[in-house]
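See below for the structure under consideration.
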Amino acid sequence: MTDGFEVPDAAATVLLPAVVARVTALADRLGVPHDEVFDARRLSSASGVPESVVKALLGGRPAGEPDLQARFVQRLALLRRTRLKPNGRKYTQQEIADGAGMSRQQAGALINGDRRPTMEHCDAIQRFFRVHAGFLTAEDPEALASALMRTEQELLQQLADRERAAAPATQAADDPLERLLQDHGVRGIAWRAAQLPTDQHRDKVAEWLDMLLESVKRPES
């Protein structure tokens with residue numbers, strides 16, 4: 001642990017190739033062009049990773065990893081370029097400061113790289129720009145993998161929609177199990193759970209589902 005930030009474990013370095021392989025397989029199954037799902041500009045905007053680094057990582061090549069502060073400054077600059085106000089202009093330092101609950105001086109020092117960010121700074125700025133936790137701090141391979149996992153979810157939904165449209169209506173109506181699989185995306189949940197690296201991870205998913213089921217269980221009449 002350093003300055004309140006967790007040091008990523010070794011799993012992050014092997015996660016990206018696995019996600020790339022899954023997205024590739026889904027894209028091929030759906031007939032989606034690879035240059036669409038692996039568009040470097042889109043993935044850069046979604047992950048905060050520079051386009052050149054996205055291309056290198058997707059090509060299986062190592063890329064220089066900036067330190068935490070440099071990564072923070074780089075990704076905050078990307079947020080200011082890509083997450084604009086409704087009028088199309090960048091948020092000012094004062095607007096970021098107000099939205100993140102800090103002084104203008106603090107915001108300016110963080111934006112210019114003159115001050116090392118804390119976890120609280122990161123959380124506040126991520127909430128202001130409405131990006132996911134870790135956007136400003138995750139190492140490049142982990143950040144890119146997270147962006148591709150969201151692409152994976154979209155492709156899984158497309159696949160489920162296509163299978164639902166192709167299935168005979170009478171089959172879904174007559175078979176309660178088939179209807180459950182189609183209506184609630186069970187196949188997608190099971191498929192993603194199967195990609196988890198260990199039984200311990202899958203047990204966590206099962207525990208979460210048990211808790212969710214318990215919370216929504218209707219009282220017996």
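To be explicit about the labels: the chains of the structure tokens are called A, B, and onward in the order shown, and within each one the residues are counted from 1, while ligands get numbers from 1 in the order they are shown.
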
Need to verify the contact set: Val53 (chain A), 12 Å, only C-alpha atoms, exclusion of same-chain residues closer than 2 positions in sequence. Can you return it as an mmCIF file with C-alpha atoms, in the first residue's frame?
data_model
loop_
_atom_site.group_PDB
_atom_site.id
_atom_site.type_symbol
_atom_site.label_atom_id
_atom_site.label_comp_id
_atom_site.auth_asym_id
_atom_site.auth_seq_id
_atom_site.Cartn_x
_atom_site.Cartn_y
_atom_site.Cartn_z
ATOM 1 C CA ALA A 40 -7.906 2.757 -30.341
ATOM 2 C CA ARG A 41 -9.474 6.215 -30.089
ATOM 3 C CA LEU A 43 -10.766 2.678 -26.077
ATOM 4 C CA SER A 44 -8.430 5.529 -25.170
ATOM 5 C CA SER A 47 -9.900 3.896 -20.382
ATOM 6 C CA GLY A 48 -7.744 7.015 -20.161
ATOM 7 C CA VAL A 49 -4.831 5.144 -21.774
ATOM 8 C CA PRO A 50 -3.100 7.066 -24.610
ATOM 9 C CA GLU A 51 -3.941 5.818 -28.123
ATOM 10 C CA LYS A 55 -2.277 0.066 -29.877
ATOM 11 C CA ALA A 56 0.898 -1.298 -28.324
ATOM 12 C CA LEU A 57 -0.932 -3.262 -25.626
ATOM 13 C CA LEU A 58 -3.453 -4.699 -28.097
ATOM 14 C CA GLY A 59 -0.527 -5.777 -30.242
ATOM 15 C CA GLY A 60 1.007 -7.627 -27.306
ATOM 16 C CA ARG A 61 3.869 -5.166 -26.984
ATOM 17 C CA PRO A 62 5.024 -3.667 -23.680
ATOM 18 C CA ALA A 63 4.538 0.039 -23.182
ATOM 19 C CA GLY A 64 6.206 2.408 -20.778
ATOM 20 C CA GLU A 65 4.113 2.720 -17.626
ATOM 21 C CA PRO A 66 4.067 6.222 -16.130
ATOM 22 C CA GLU A 139 -2.262 0.823 -14.533
ATOM 23 C CA ASP A 140 -2.567 0.881 -18.318
ATOM 24 C CA PRO A 141 -3.198 -2.860 -18.942
ATOM 25 C CA ALA A 143 -7.531 0.172 -17.377
ATOM 26 C CA LEU A 144 -7.667 -1.101 -20.954
#

Checklist entry - Running DSSP on the backbone, which parts of region 60-142 of chain A land in helix (DSSP H, G or I), as an MDAnalysis selection string? => result chainID A and resid 68:82 93:100 104:111 119:129 140:142

Item to check | Selection near Leu110 (chain A), 9 Å with only C-alpha atoms, sequence-local residues under 2 positions removed, as a PyMOL selection string | outcome: chain A and resi 69+72-73+76+105-108+112-117+121

Item to check | All residues 12 Å or closer to Thr82 (chain A), only C-alpha atoms, same chain fewer than 2 positions away omitted, as a list in words | outcome: Arg41, Arg42, Ser44, Ser45, Ala46, Ser47, Gly48, Arg75, Leu76, Ala77, Leu78, Leu79, Arg80, Leu84, Lys85, Pro86, Gly88, Arg89, Lys90, Tyr91, Phe129 and Val131 of chain A

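Relative to CA of Arg162 (chain A), CA of Trp208 (chain A) is found at 27.9 Å.
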
Shell of 9 Å around Val20 (chain A), only C-alpha atoms, local chain residues under 6 positions omitted, as a compact mmCIF listing (two decimals) with N, CA, C and O atoms, in the first residue's frame:
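Result saved to out-v3.txt:
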# COMPACT_ATOMS: atom_id res chain seq x y z
N PHE A 38 -12.03 -2.84 -31.40
CA PHE A 38 -10.69 -2.51 -30.90
C PHE A 38 -10.24 -1.13 -31.40
O PHE A 38 -9.03 -0.89 -31.54
N LEU A 58 -2.63 -3.78 -27.30
CA LEU A 58 -3.45 -4.70 -28.10
C LEU A 58 -2.60 -5.55 -29.02
O LEU A 58 -2.98 -6.67 -29.36
N ALA A 145 -8.15 -3.28 -19.99
CA ALA A 145 -8.95 -4.49 -19.80
C ALA A 145 -10.34 -4.15 -19.30
O ALA A 145 -11.34 -4.73 -19.74
N LEU A 148 -12.40 -2.87 -22.15
CA LEU A 148 -12.78 -3.96 -23.05
C LEU A 148 -13.83 -4.87 -22.42
O LEU A 148 -14.65 -5.46 -23.14
N MET A 149 -13.82 -4.98 -21.10
CA MET A 149 -14.85 -5.79 -20.45
C MET A 149 -16.23 -5.15 -20.61
O MET A 149 -17.24 -5.84 -20.70

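Here CA of Thr137 (chain A) and CA of Cys122 (chain A) stand 7.8 Å from one another.
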
Checklist outcome for this item: Using only C-alpha atoms, the best pick from A:Asp67, A:Glu95, A:Glu120, A:Glu152 as closest to Ala21 (chain A) would be A:Glu152
